[in-house]
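Quick look at run.txt (compact mmCIF, C-alpha atoms):
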```
# COMPACT_ATOMS: atom_id res chain seq x y z
CA MET G 1442 -37.60 -6.30 42.57
CA LYS G 1443 -35.98 -6.40 46.00
CA LEU G 1444 -33.20 -3.88 46.39
CA THR G 1445 -30.50 -4.30 48.99
CA ALA G 1446 -27.46 -2.31 49.91
CA ARG G 1447 -24.11 -3.97 49.99
CA ILE G 1448 -21.79 -2.16 52.38
CA VAL G 1449 -18.32 -3.54 52.84
CA ILE G 1450 -15.94 -2.28 55.50
CA LEU G 1451 -12.39 -3.53 55.33
CA SER G 1452 -10.45 -2.58 58.46
CA LEU G 1453 -6.85 -3.59 58.03
CA SER G 1454 -3.40 -3.03 59.41
CA ALA G 1455 -1.06 -2.18 56.55
CA LEU G 1456 2.01 -3.70 58.14
CA TRP G 1457 1.52 -7.27 56.91
CA TRP G 1458 -0.34 -7.01 53.59
CA PHE G 1459 2.12 -4.98 51.53
CA GLY G 1460 3.22 -7.97 49.46
CA LEU G 1461 6.27 -8.66 51.60
CA SER G 1462 7.70 -12.14 52.06
CA THR G 1463 6.11 -12.77 55.47
CA PRO G 1464 4.59 -16.28 55.27
CA ALA G 1465 0.85 -16.71 55.77
CA SER G 1466 1.47 -19.34 58.41
CA ALA G 1467 3.11 -16.74 60.69
CA GLN G 1468 -0.32 -15.76 62.01
CA SER G 1469 -3.81 -17.21 62.06
CA ARG G 1470 -6.63 -16.16 59.76
CA ILE G 1471 -10.11 -16.64 61.19
CA ALA G 1472 -13.50 -15.46 59.97
CA PHE G 1473 -17.00 -15.07 61.39
CA VAL G 1474 -19.61 -15.15 58.60
CA VAL G 1475 -23.35 -14.60 59.11
CA GLY G 1476 -26.21 -14.58 56.60
CA ASN G 1477 -29.79 -13.77 57.67
CA ASP G 1478 -32.76 -14.32 55.34
CA ARG G 1479 -35.63 -15.60 57.51
CA TYR G 1480 -36.74 -12.61 59.55
CA GLU G 1481 -39.73 -13.07 61.85
CA SER G 1482 -41.00 -9.49 62.23
CA VAL G 1483 -39.62 -7.65 59.17
CA GLY G 1484 -39.33 -8.51 55.50
CA SER G 1485 -37.41 -11.65 54.58
CA LEU G 1486 -34.42 -11.43 52.24
CA GLN G 1487 -33.52 -13.69 49.31
CA LYS G 1488 -29.75 -13.83 48.90
CA ALA G 1489 -28.12 -13.04 52.25
CA VAL G 1490 -27.52 -16.70 53.13
CA ASN G 1491 -26.19 -17.47 49.64
CA ASP G 1492 -23.84 -14.49 49.85
CA ALA G 1493 -22.59 -15.67 53.25
CA ARG G 1494 -21.92 -19.16 51.88
CA SER G 1495 -20.04 -17.75 48.88
CA VAL G 1496 -17.96 -15.48 51.11
CA ALA G 1497 -17.14 -18.42 53.39
CA GLN G 1498 -15.92 -20.47 50.43
CA SER G 1499 -13.73 -17.64 49.15
CA LEU G 1500 -12.24 -17.02 52.58
CA GLN G 1501 -11.37 -20.69 52.94
CA LYS G 1502 -9.45 -20.45 49.67
CA LEU G 1503 -7.56 -17.51 51.18
CA GLY G 1504 -6.54 -19.59 54.20
CA PHE G 1505 -9.19 -18.52 56.70
CA GLU G 1506 -10.70 -20.83 59.28
CA VAL G 1507 -14.39 -20.01 58.94
CA VAL G 1508 -17.28 -20.04 61.41
CA LEU G 1509 -20.48 -19.92 59.32
CA THR G 1510 -23.83 -19.07 60.92
CA GLU G 1511 -27.13 -18.84 59.03
CA ASN G 1512 -30.37 -17.13 60.14
CA ALA G 1513 -28.93 -16.21 63.53
CA THR G 1514 -31.11 -15.18 66.45
CA ARG G 1515 -29.68 -12.62 68.85
CA ARG G 1516 -28.72 -15.33 71.35
CA THR G 1517 -27.11 -17.48 68.65
CA PHE G 1518 -25.17 -14.55 67.24
CA ASN G 1519 -23.87 -13.47 70.63
CA SER G 1520 -22.92 -16.94 71.84
CA ARG G 1521 -21.11 -17.90 68.66
CA PHE G 1522 -19.36 -14.56 68.36
CA SER G 1523 -18.17 -14.86 71.97
CA ALA G 1524 -16.67 -18.28 71.19
CA PHE G 1525 -15.12 -16.85 68.03
CA GLU G 1526 -13.77 -13.83 69.92
CA ASN G 1527 -11.99 -16.11 72.40
CA ARG G 1528 -10.09 -17.72 69.50
CA ILE G 1529 -8.47 -14.43 68.45
CA ARG G 1530 -4.81 -14.09 69.40
CA SER G 1531 -2.45 -11.15 69.13
CA GLY G 1532 -1.36 -10.63 65.52
CA ASP G 1533 -4.25 -12.57 63.96
CA THR G 1534 -6.10 -11.54 60.83
CA VAL G 1535 -9.85 -11.44 61.49
CA PHE G 1536 -12.68 -11.25 58.96
CA LEU G 1537 -16.28 -10.47 59.97
CA PHE G 1538 -19.05 -10.73 57.37
CA PHE G 1539 -22.74 -10.04 57.94
CA ALA G 1540 -25.49 -10.19 55.32
CA GLY G 1541 -29.01 -9.23 56.38
CA HIS G 1542 -30.98 -6.28 57.69
CA GLY G 1543 -29.20 -3.39 59.37
CA VAL G 1544 -30.26 0.03 60.63
CA GLU G 1545 -28.66 3.32 61.66
CA LEU G 1546 -29.53 4.58 65.14
CA ASP G 1547 -28.14 7.89 66.42
CA GLY G 1548 -25.29 7.77 63.91
CA ALA G 1549 -24.23 4.18 64.74
CA ASN G 1550 -24.92 0.97 62.84
CA TYR G 1551 -26.76 -2.04 64.25
CA LEU G 1552 -27.17 -5.52 62.75
CA ILE G 1553 -30.63 -7.04 63.04
CA PRO G 1554 -30.94 -10.70 64.18
CA VAL G 1555 -33.78 -12.75 62.72
CA ASP G 1556 -35.82 -12.73 65.94
CA ALA G 1557 -35.67 -8.98 66.61
CA PRO G 1558 -39.19 -7.67 67.33
CA LYS G 1559 -40.50 -4.76 65.31
CA PRO G 1560 -40.66 -1.83 67.73
CA THR G 1561 -43.69 0.40 67.92
CA GLY G 1562 -43.67 4.18 67.89
CA SER G 1563 -40.14 5.48 68.29
CA GLN G 1564 -38.61 2.95 70.66
CA GLN G 1565 -35.01 3.23 69.48
CA SER G 1566 -33.65 2.12 72.85
CA GLU G 1567 -35.58 -1.15 72.58
CA LEU G 1568 -34.17 -1.80 69.11
CA LYS G 1569 -30.63 -1.08 70.28
CA ASP G 1570 -31.04 -3.67 73.04
CA GLU G 1571 -32.28 -6.29 70.57
CA SER G 1572 -29.64 -5.64 67.90
CA ILE G 1573 -25.87 -5.97 67.48
CA SER G 1574 -23.65 -2.88 67.50
CA THR G 1575 -21.00 -3.00 64.78
CA ASP G 1576 -18.82 -0.53 66.70
CA ALA G 1577 -18.85 -2.86 69.69
CA LEU G 1578 -17.87 -5.87 67.57
CA ILE G 1579 -14.93 -3.99 66.07
CA GLN G 1580 -13.74 -2.83 69.48
CA ARG G 1581 -13.98 -6.34 70.90
CA MET G 1582 -11.85 -7.80 68.11
CA LYS G 1583 -9.32 -4.99 68.47
CA ALA G 1584 -9.13 -5.58 72.22
CA ARG G 1585 -8.12 -9.18 71.54
CA GLY G 1586 -5.07 -7.92 69.65
CA ALA G 1587 -6.13 -8.64 66.07
CA ARG G 1588 -3.52 -7.15 63.77
CA THR G 1589 -5.88 -7.00 60.80
CA GLN G 1590 -9.65 -6.57 60.89
CA ILE G 1591 -11.80 -7.06 57.80
CA VAL G 1592 -15.43 -6.27 58.53
CA VAL G 1593 -18.04 -6.76 55.79
CA LEU G 1594 -21.56 -5.46 56.38
CA ASP G 1595 -24.07 -6.44 53.69
CA ALA G 1596 -27.37 -4.91 54.79
CA CYS G 1597 -30.76 -4.02 53.35
CA ARG G 1598 -30.58 -0.36 52.29
CA GLU G 1599 -34.23 0.50 52.89
CA ASN G 1600 -35.01 0.86 56.59
CA PRO G 1601 -37.02 -2.28 57.57
CA PHE G 1602 -38.65 -0.38 60.45
CA SER G 1603 -40.18 2.51 58.48
CA ASP G 1604 -43.93 2.74 57.92
CA ASN G 1605 -46.31 4.44 55.53
CA ARG G 1606 -47.23 7.11 58.06
CA GLY G 1607 -43.81 8.72 57.78
CA ARG G 1608 -42.59 7.44 61.13
CA SER G 1609 -39.60 5.14 61.40
CA ILE G 1610 -37.00 3.81 63.76
CA GLY G 1611 -33.52 4.89 62.71
CA GLY G 1612 -32.27 6.48 59.52
CA ARG G 1613 -34.42 6.27 56.41
CA ARG G 1614 -31.75 4.91 54.06
CA GLY G 1615 -30.13 2.10 56.06
CA LEU G 1616 -26.62 2.14 57.50
CA ALA G 1617 -24.51 5.21 58.23
CA PRO G 1618 -20.89 5.75 57.17
CA ILE G 1619 -18.35 4.75 59.81
CA GLN G 1620 -16.10 7.60 60.92
CA LEU G 1621 -12.48 6.70 60.16
CA PRO G 1622 -9.51 8.48 61.75
CA SER G 1623 -6.82 9.34 59.22
CA ASP G 1624 -4.31 7.03 60.90
CA SER G 1625 -6.72 4.10 61.40
CA GLY G 1626 -5.41 1.82 58.66
CA VAL G 1627 -8.96 1.27 57.43
CA PHE G 1628 -10.09 0.65 53.86
CA VAL G 1629 -13.82 1.15 53.23
CA ILE G 1630 -15.75 0.20 50.11
CA TYR G 1631 -19.47 0.79 49.68
CA SER G 1632 -21.41 -1.29 47.21
CA ALA G 1633 -23.29 1.81 46.06
CA GLY G 1634 -22.61 5.52 46.04
CA VAL G 1635 -24.28 8.02 48.34
CA GLY G 1636 -28.02 8.13 47.67
CA GLU G 1637 -27.93 5.10 45.34
CA VAL G 1638 -29.77 1.83 45.85
CA ALA G 1639 -27.66 -1.31 45.47
CA LEU G 1640 -29.25 -4.05 43.39
CA ASP G 1641 -29.97 -7.45 44.84
CA ARG G 1642 -30.57 -8.77 41.32
CA LEU G 1643 -30.92 -7.51 37.77
CA GLY G 1644 -34.54 -8.59 37.37
CA ASP G 1645 -36.99 -11.40 37.98
CA ASN G 1646 -35.12 -13.61 35.50
CA ASP G 1647 -31.74 -13.07 37.17
CA ALA G 1648 -31.04 -16.50 38.65
CA ASP G 1649 -27.55 -15.70 39.96
CA PRO G 1650 -27.45 -16.82 43.61
CA ASN G 1651 -25.44 -13.74 44.63
CA SER G 1652 -26.11 -10.02 44.69
CA VAL G 1653 -24.84 -7.78 41.90
CA PHE G 1654 -22.06 -6.49 44.16
CA THR G 1655 -21.00 -9.84 45.62
CA ARG G 1656 -20.80 -11.60 42.25
CA SER G 1657 -18.47 -8.83 41.05
CA PHE G 1658 -16.41 -8.46 44.24
CA LEU G 1659 -15.57 -12.01 45.27
CA PRO G 1660 -13.57 -13.16 42.20
CA LEU G 1661 -11.37 -10.08 42.51
CA ILE G 1662 -10.33 -10.57 46.15
CA GLU G 1663 -9.05 -14.04 45.19
CA ASP G 1664 -6.64 -12.54 42.62
CA PRO G 1665 -3.16 -12.18 44.21
CA SER G 1666 -2.14 -9.60 41.61
CA ARG G 1667 -4.79 -7.11 42.73
CA SER G 1668 -4.43 -4.64 45.57
CA LEU G 1669 -7.54 -3.54 47.43
CA VAL G 1670 -7.51 -0.26 45.51
CA THR G 1671 -7.56 -2.04 42.15
CA VAL G 1672 -10.19 -4.46 43.48
CA ALA G 1673 -12.38 -1.51 44.47
CA LYS G 1674 -11.97 0.23 41.11
CA GLU G 1675 -12.62 -2.91 39.06
CA THR G 1676 -15.59 -3.86 41.24
CA ARG G 1677 -17.05 -0.42 40.66
CA ALA G 1678 -16.60 -0.76 36.89
CA ARG G 1679 -18.24 -4.19 36.81
CA VAL G 1680 -21.16 -3.23 39.03
CA LYS G 1681 -21.80 -0.06 37.00
CA ALA G 1682 -21.80 -2.12 33.79
CA LEU G 1683 -24.21 -4.72 35.16
CA ALA G 1684 -26.56 -2.09 36.60
CA GLY G 1685 -26.46 -0.23 33.29
CA THR G 1686 -27.87 -3.24 31.46
CA ILE G 1687 -31.23 -2.57 33.14
CA GLY G 1688 -31.02 1.23 33.11
CA GLN G 1689 -29.98 1.57 36.78
CA THR G 1690 -27.10 3.47 38.35
CA GLN G 1691 -24.93 1.80 40.96
CA SER G 1692 -21.39 2.99 41.54
CA PRO G 1693 -19.53 1.54 44.54
CA ALA G 1694 -17.33 4.05 46.37
CA TYR G 1695 -14.22 3.42 48.44
CA TYR G 1696 -12.24 5.28 51.10
CA ASP G 1697 -8.60 4.47 51.75
CA GLU G 1698 -6.95 5.24 55.07
CA VAL G 1699 -4.14 2.68 54.63
CA ASP G 1700 -0.54 3.52 53.75
CA GLY G 1701 0.90 1.33 50.99
CA GLU G 1702 -0.67 -1.41 48.89
CA ILE G 1703 -2.75 -4.23 50.39
CA PHE G 1704 -3.02 -7.59 48.63
CA LEU G 1705 -5.62 -9.75 50.36
CA ALA G 1706 -4.84 -12.94 48.38
CA ARG G 1707 -1.05 -12.68 48.34
CA GLY G 1708 0.51 -15.47 50.34
CA ALA G 1709 -2.85 -17.18 50.86
CA PHE G 1710 -2.83 -20.87 51.66
CA THR G 1711 -5.29 -23.71 52.00
CA THR G 1712 -4.91 -26.56 54.49
CA SER G 1713 -7.08 -29.36 55.74
CA ALA G 1714 -7.69 -27.29 58.89
CA ALA G 1715 -9.34 -24.49 56.91
CA GLN G 1716 -12.84 -25.86 57.49
CA PRO G 1717 -15.84 -24.23 59.18
CA VAL G 1718 -15.62 -24.46 62.95
CA ILE G 1719 -19.41 -24.77 63.05
CA PRO G 1720 -20.62 -27.10 60.30
CA LYS G 1721 -22.86 -25.62 57.66
CA PRO G 1722 -26.49 -26.74 58.07
CA ALA G 1723 -27.55 -29.36 55.56
CA ILE G 1724 -29.71 -26.99 53.50
CA GLN G 1725 -29.79 -27.77 49.82
CA GLN G 1726 -28.90 -24.84 47.58
CA PRO G 1727 -31.89 -23.68 45.54
CA VAL G 1728 -31.81 -24.79 41.93
CA VAL G 1729 -33.11 -22.08 39.66
CA GLN G 1730 -34.08 -23.17 36.16
CA LEU G 1731 -33.18 -21.01 33.20
CA PRO G 1732 -35.93 -20.27 30.69
CA PRO G 1733 -36.08 -22.94 27.95
CA PRO G 1734 -34.18 -22.08 24.78
CA SER G 1735 -36.21 -20.72 21.93
CA LEU G 1736 -36.43 -22.37 18.52
CA ALA G 1737 -34.71 -19.49 16.74
CA ALA G 1738 -32.45 -20.49 13.87
CA LEU G 1739 -28.86 -21.18 14.85
CA PRO G 1740 -26.04 -19.12 13.35
CA PRO G 1741 -23.54 -20.67 10.95
CA PRO G 1742 -20.44 -22.31 12.47
CA PRO G 1743 -17.89 -19.78 13.77
CA THR G 1744 -15.30 -18.80 11.19
CA GLU G 1745 -11.66 -19.72 11.62
CA SER G 1746 -10.78 -16.03 11.84
CA ARG G 1747 -12.81 -15.72 15.06
CA ASN G 1748 -11.54 -18.82 16.83
CA THR G 1749 -10.59 -22.43 16.10
CA SER G 1750 -12.45 -24.20 18.90
CA GLY G 1751 -16.06 -23.65 17.93
CA PHE G 1752 -16.65 -21.07 20.65
CA LEU G 1753 -17.98 -17.62 19.96
CA PHE G 1754 -16.23 -16.59 23.20
CA PRO G 1755 -13.63 -19.24 24.17
CA ASP G 1756 -12.64 -17.31 27.32
CA SER G 1757 -16.12 -16.63 28.71
CA ASP G 1758 -15.25 -18.86 31.68
CA ARG G 1759 -12.21 -16.70 32.55
CA ARG G 1760 -13.25 -13.09 32.00
CA TYR G 1761 -16.28 -10.81 32.06
CA LEU G 1762 -17.72 -10.16 28.61
CA ARG G 1763 -18.40 -6.52 27.74
CA ARG G 1764 -21.75 -5.25 26.61
CA GLU G 1765 -20.22 -3.55 23.57
CA GLU G 1766 -18.72 -6.76 22.22
CA LEU G 1767 -22.12 -8.48 22.46
CA SER G 1768 -24.32 -5.70 21.15
CA GLY G 1769 -23.51 -6.42 17.49
CA LEU G 1770 -24.54 -10.07 17.61
CA LEU G 1771 -27.78 -11.48 16.25
CA LEU G 1772 -30.26 -12.99 18.70
CA SER G 1773 -29.36 -16.44 17.39
CA GLN G 1774 -25.68 -15.76 18.06
CA LEU G 1775 -26.43 -14.49 21.56
CA ARG G 1776 -28.28 -17.75 22.19
CA ILE G 1777 -25.21 -19.73 21.16
CA ALA G 1778 -22.92 -17.54 23.27
CA ARG G 1779 -25.12 -18.18 26.32
CA ASN G 1780 -25.55 -21.92 25.79
CA GLU G 1781 -21.89 -22.58 24.97
CA ILE G 1782 -21.12 -21.61 28.58
CA PHE G 1783 -23.29 -24.54 29.73
CA ALA G 1784 -22.02 -26.78 26.92
CA ARG G 1785 -18.45 -26.27 28.11
CA ARG G 1786 -19.57 -27.66 31.45
CA GLY G 1787 -20.99 -30.77 29.78
CA ARG G 1788 -24.69 -30.03 29.83
CA HIS G 1789 -27.11 -32.13 27.71
CA PHE G 1790 -29.59 -30.15 25.61
CA ARG G 1791 -33.16 -31.17 24.82
CA ASP G 1792 -33.26 -28.85 21.81
CA GLN G 1793 -31.94 -30.97 18.95
CA ALA G 1794 -30.71 -27.90 17.08
CA LEU G 1795 -28.40 -27.11 20.00
CA VAL G 1796 -27.33 -30.75 20.22
CA ALA G 1797 -26.44 -30.76 16.52
CA HIS G 1798 -24.54 -27.50 16.80
CA PHE G 1799 -22.34 -28.37 19.78
CA SER G 1800 -21.83 -32.02 18.77
CA ARG G 1801 -19.66 -30.81 15.88
CA PHE G 1802 -16.92 -29.89 18.32
CA SER G 1803 -14.63 -32.39 20.06
CA TRP G 1804 -14.60 -30.44 23.33
CA TYR G 1805 -18.35 -30.98 23.84
CA GLN G 1806 -18.73 -34.01 26.13
CA PRO G 1807 -22.28 -33.99 27.59
CA SER G 1808 -22.57 -35.63 31.00
CA HIS G 1809 -25.49 -34.03 32.92
CA TRP G 1810 -28.74 -32.06 32.60
CA ASN G 1811 -28.00 -29.38 35.19
CA ASP G 1812 -28.85 -25.90 33.90
CA SER G 1813 -28.56 -24.11 37.25
CA LEU G 1814 -26.43 -20.98 37.43
CA ALA G 1815 -25.10 -22.31 40.72
CA SER G 1816 -23.09 -24.88 38.71
CA LEU G 1817 -21.12 -22.08 36.99
CA ASN G 1818 -18.26 -19.96 38.24
CA ALA G 1819 -18.63 -16.22 38.91
CA PHE G 1820 -17.45 -15.17 35.44
CA GLU G 1821 -19.84 -17.57 33.71
CA ARG G 1822 -22.81 -16.53 35.86
CA ALA G 1823 -22.23 -12.85 35.15
CA ASN G 1824 -21.83 -13.53 31.42
CA VAL G 1825 -25.03 -15.58 31.23
CA THR G 1826 -26.92 -12.81 33.02
CA LEU G 1827 -25.53 -10.13 30.71
CA ILE G 1828 -26.37 -12.14 27.56
CA GLN G 1829 -29.90 -12.82 28.84
CA SER G 1830 -30.44 -9.09 29.32
CA LEU G 1831 -29.55 -8.53 25.64
CA GLU G 1832 -31.79 -11.36 24.38
CA ARG G 1833 -34.98 -9.71 25.74
```

Structure re-expressed in structure tokens:
Amino acid sequence: MKLTARIVILSLSALWWFGLSTPASAQSRIAFVVGNDRYESVGSLQKAVNDARSVAQSLQKLGFEVVLTENATRRTFNSRFSAFENRIRSGDTVFLFFAGHGVELDGANYLIPVDAPKPTGSQQSELKDESISTDALIQRMKARGARTQIVVLDACRENPFSDNRGRSIGGRRGLAPIQLPSDSGVFVIYSAGVGEVALDRLGDNDADPNSVFTRSFLPLIEDPSRSLVTVAKETRARVKALAGTIGQTQSPAYYDEVDGEIFLARGAFTTSAAQPVIPKPAIQQPVVQLPPPSLAALPPPPTESRNTSGFLFPDSDRRYLRREELSGLLLSQLRIARNEIFARRGRHFRDQALVAHFSRFSWYQPSHWNDSLASLNAFERANVTLIQSLER
């Protein structure tokens, strides 16, 4: 199982996000989003590009104009960031997201482009020259007068430049904490606690296109009722619960140097202009097939006391199911709970027992054969993954 660390740094000015009546149109929101999977000299990643695409979509919903770059070389990263930097005006809200490999060198963090060579021996200076300094990016955006900076670093936790002889370039456990002055107006959330490994996925059968942290975090930042503090706490609870289903420990931590409450989605808007400045490459999303349903006997129809719609969980498309409310179900009932999520979306079933079960309900209107998790929303994907872990 590939393990990656998800480190999120939210650098914000508290003056605009306190839920006041200032309209979103009073300043621009722009975002630079990068996802790197296809590394040439170090191990490739699986979900960095998918995470970048998901973040870009969420930011567009929040009114950001998004520049999306996938599998960026050093030259591509620098040229596109320079163009992006020149768009920043005083008072703007700026969001920077990077998913891929990163490394700590002399206490500072560096992002690794896909064409970075693997240095030999202990050539840290060479690696610094071939990588992107996060401190420098933050300073450049600040120099342009950005009122709010949101910087998200989603990097592989294990050092990609270590070797089996005990020698490595940079820190052994990935990125280092960023030092935050008490008056900086910075909110930091780490996808895993100190010394923990953040999970890329829950197992080989976990077909969710996003990491454990990202699938938990993104739906929450789109909720206008949640401040960043409540987002951080709820994200931690959800990630801990998901990691616990496979006996792992992952507990995101956060550090708050912002006065007042920050609501990222409050006052968000969407316009026709909120499109990527650089078009997304025409790469088809991978379609991951779920394992075929077993022929286990189906449970009896749900009783009227449980619900009146034929669903075991009628709100599984709007909330995260809890492990404790599923643990008392039979395997046959878990199978129904999982498949009713796809049935709600109109999926045909080849298993005639499933067809007979769902055809009893008027809401079931089959229209397609797509059983990819990518066709579900974040709540549904997480619920399918949790149910699958209990069916094993």

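With all atoms listed in the file as the atoms that count, the minimum distance from Asn1519 of chain G to the choices G:Ser1768, G:Ser1572, G:Gln1501, G:Ser1830 is reached by G:Ser1572.
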
**Prompt:** Which one of G:Thr1514, G:Trp1810, G:Leu1546, G:Phe1799 sits closest to Glu1567 of chain G if you count all atoms listed in the file?
**Reply:** G:Leu1546

**Message:** Give me the residues near segment 1660-1670 of chain G as a count of residues only, where near means some atom within 10 Å (using only C-alpha atoms) and where sequence neighbours in that chain fewer than 2 positions away do not count.
**Reply:** 35

Please provide the set of residues having any atom within 7 Å of segment 1575-1585 of chain G, restricted to all atoms listed in the file, with same-chain residues fewer than 4 positions apart removed, written as a PDB file with C-alpha atoms, keeping the file's coordinate frame.
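Just written: around-v3.pdb:
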```pdb
ATOM      1  CA  GLU G1526     -13.770 -13.830  69.920  1.00  0.00           C
ATOM      2  CA  ILE G1529      -8.470 -14.430  68.450  1.00  0.00           C
ATOM      3  CA  ARG G1530      -4.810 -14.090  69.400  1.00  0.00           C
ATOM      4  CA  SER G1531      -2.450 -11.150  69.130  1.00  0.00           C
ATOM      5  CA  ASN G1550     -24.920   0.970  62.840  1.00  0.00           C
ATOM      6  CA  TYR G1551     -26.760  -2.040  64.250  1.00  0.00           C
ATOM      7  CA  LEU G1552     -27.170  -5.520  62.750  1.00  0.00           C
TER       8      LEU G1552
END
```

Near Thr1826 of chain G, within 10 Å and counting only C-alpha atoms, which residues show up once chain neighbours fewer than 2 positions away are dropped, as a PDB file with C-alpha atoms, keeping the file's coordinate frame?
```
ATOM      1  CA  ARG G1642     -30.570  -8.770  41.320  1.00  0.00           C
ATOM      2  CA  LEU G1643     -30.920  -7.510  37.770  1.00  0.00           C
ATOM      3  CA  GLY G1644     -34.540  -8.590  37.370  1.00  0.00           C
ATOM      4  CA  ASN G1646     -35.120 -13.610  35.500  1.00  0.00           C
ATOM      5  CA  ASP G1647     -31.740 -13.070  37.170  1.00  0.00           C
ATOM      6  CA  ALA G1648     -31.040 -16.500  38.650  1.00  0.00           C
ATOM      7  CA  ASP G1649     -27.550 -15.700  39.960  1.00  0.00           C
ATOM      8  CA  LEU G1683     -24.210  -4.720  35.160  1.00  0.00           C
ATOM      9  CA  THR G1686     -27.870  -3.240  31.460  1.00  0.00           C
ATOM     10  CA  ARG G1779     -25.120 -18.180  26.320  1.00  0.00           C
ATOM     11  CA  LEU G1814     -26.430 -20.980  37.430  1.00  0.00           C
ATOM     12  CA  GLU G1821     -19.840 -17.570  33.710  1.00  0.00           C
ATOM     13  CA  ARG G1822     -22.810 -16.530  35.860  1.00  0.00           C
ATOM     14  CA  ALA G1823     -22.230 -12.850  35.150  1.00  0.00           C
ATOM     15  CA  ASN G1824     -21.830 -13.530  31.420  1.00  0.00           C
ATOM     16  CA  ILE G1828     -26.370 -12.140  27.560  1.00  0.00           C
ATOM     17  CA  GLN G1829     -29.900 -12.820  28.840  1.00  0.00           C
ATOM     18  CA  SER G1830     -30.440  -9.090  29.320  1.00  0.00           C
ATOM     19  CA  LEU G1831     -29.550  -8.530  25.640  1.00  0.00           C
TER      20      LEU G1831
END
```

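Here atom CA of Asp1556 of chain G stands at a distance of 8.1 Å from atom CA of Ala1513 of chain G.
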
**Request:** Neighbourhood query: residues within 10 Å of (-24.5, -16.4, 53.3), file coordinates, counting all atoms listed in the file; return as a ChimeraX atom specification.
**Result:** /G:1474-1478,1488-1498,1509-1512,1538-1541,1595,1651

Would you kindly return, as a PDB file with C-alpha atoms, keeping the file's coordinate frame, each protein, DNA or RNA residue with an atom no farther than 12 Å from any atom of Ser1800 of chain G, considering only C-alpha atoms and excluding same-chain residues fewer than 5 positions away?
```pdb
ATOM      1  CA  PRO G1742     -20.440 -22.310  12.470  1.00  0.00           C
ATOM      2  CA  GLY G1751     -16.060 -23.650  17.930  1.00  0.00           C
ATOM      3  CA  GLU G1781     -21.890 -22.580  24.970  1.00  0.00           C
ATOM      4  CA  ALA G1784     -22.020 -26.780  26.920  1.00  0.00           C
ATOM      5  CA  ARG G1785     -18.450 -26.270  28.110  1.00  0.00           C
ATOM      6  CA  GLY G1787     -20.990 -30.770  29.780  1.00  0.00           C
ATOM      7  CA  ARG G1788     -24.690 -30.030  29.830  1.00  0.00           C
ATOM      8  CA  HIS G1789     -27.110 -32.130  27.710  1.00  0.00           C
ATOM      9  CA  PHE G1790     -29.590 -30.150  25.610  1.00  0.00           C
ATOM     10  CA  GLN G1793     -31.940 -30.970  18.950  1.00  0.00           C
ATOM     11  CA  ALA G1794     -30.710 -27.900  17.080  1.00  0.00           C
ATOM     12  CA  LEU G1795     -28.400 -27.110  20.000  1.00  0.00           C
ATOM     13  CA  TYR G1805     -18.350 -30.980  23.840  1.00  0.00           C
ATOM     14  CA  GLN G1806     -18.730 -34.010  26.130  1.00  0.00           C
ATOM     15  CA  PRO G1807     -22.280 -33.990  27.590  1.00  0.00           C
TER      16      PRO G1807
END
```

**Request:** Return the single residue from G:Asp1756, G:Glu1571, G:Asp1812, G:Asp1547 that is closest to Ala1778 of chain G, with distances computed using only C-alpha atoms.
**Result:** G:Asp1756

**Request:** Grab the atom CA of Ala1682 of chain G to atom CA of Glu1545 of chain G distance for me, in Å with one decimal place.
**Result:**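 Atom CA of Glu1545 of chain G lies at a distance of 29.2 Å from atom CA of Ala1682 of chain G.
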
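In this structure, atom CA of Ile1619 of chain G sits 28.5 Å away from atom CA of Pro1650 of chain G.
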
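Nearest residue to Phe1525 of chain G, choosing from G:Val1653, G:Leu1486, G:Leu1537, G:Leu1594 and counting only C-alpha atoms: G:Leu1537.
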
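Counting all atoms listed in the file and comparing G:Val1825, G:Ile1573, G:Ala1684, G:Val1544, the residue that lies closest to Tyr1761 of chain G is G:Val1825.
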
Model the absent atoms of segment 1751-1758 of chain G so that N, CA and C atoms are present, and write the result as a tab-separated table (two decimals), in the coordinates of the input.
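Final file, selection.tsv:
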```tsv
chain	number	residue	atom	x	y	z
G	1751	GLY	N	-14.61	-23.57	18.02
G	1751	GLY	CA	-16.06	-23.65	17.93
G	1751	GLY	C	-16.77	-22.75	18.90
G	1752	PHE	N	-16.05	-22.01	19.71
G	1752	PHE	CA	-16.65	-21.07	20.65
G	1752	PHE	C	-16.78	-19.70	20.01
G	1753	LEU	N	-17.90	-19.04	20.28
G	1753	LEU	CA	-17.98	-17.62	19.96
G	1753	LEU	C	-17.08	-16.82	20.91
G	1754	PHE	N	-17.07	-17.25	22.19
G	1754	PHE	CA	-16.23	-16.59	23.20
G	1754	PHE	C	-15.50	-17.68	23.99
G	1755	PRO	N	-14.33	-18.11	23.52
G	1755	PRO	CA	-13.63	-19.24	24.17
G	1755	PRO	C	-13.16	-18.94	25.59
G	1756	ASP	N	-13.11	-17.66	25.98
G	1756	ASP	CA	-12.64	-17.31	27.32
G	1756	ASP	C	-13.76	-16.80	28.22
G	1757	SER	N	-15.01	-17.13	27.90
G	1757	SER	CA	-16.12	-16.63	28.71
G	1757	SER	C	-16.18	-17.27	30.09
G	1758	ASP	N	-15.35	-18.28	30.34
G	1758	ASP	CA	-15.25	-18.86	31.68
G	1758	ASP	C	-14.11	-18.25	32.49
```
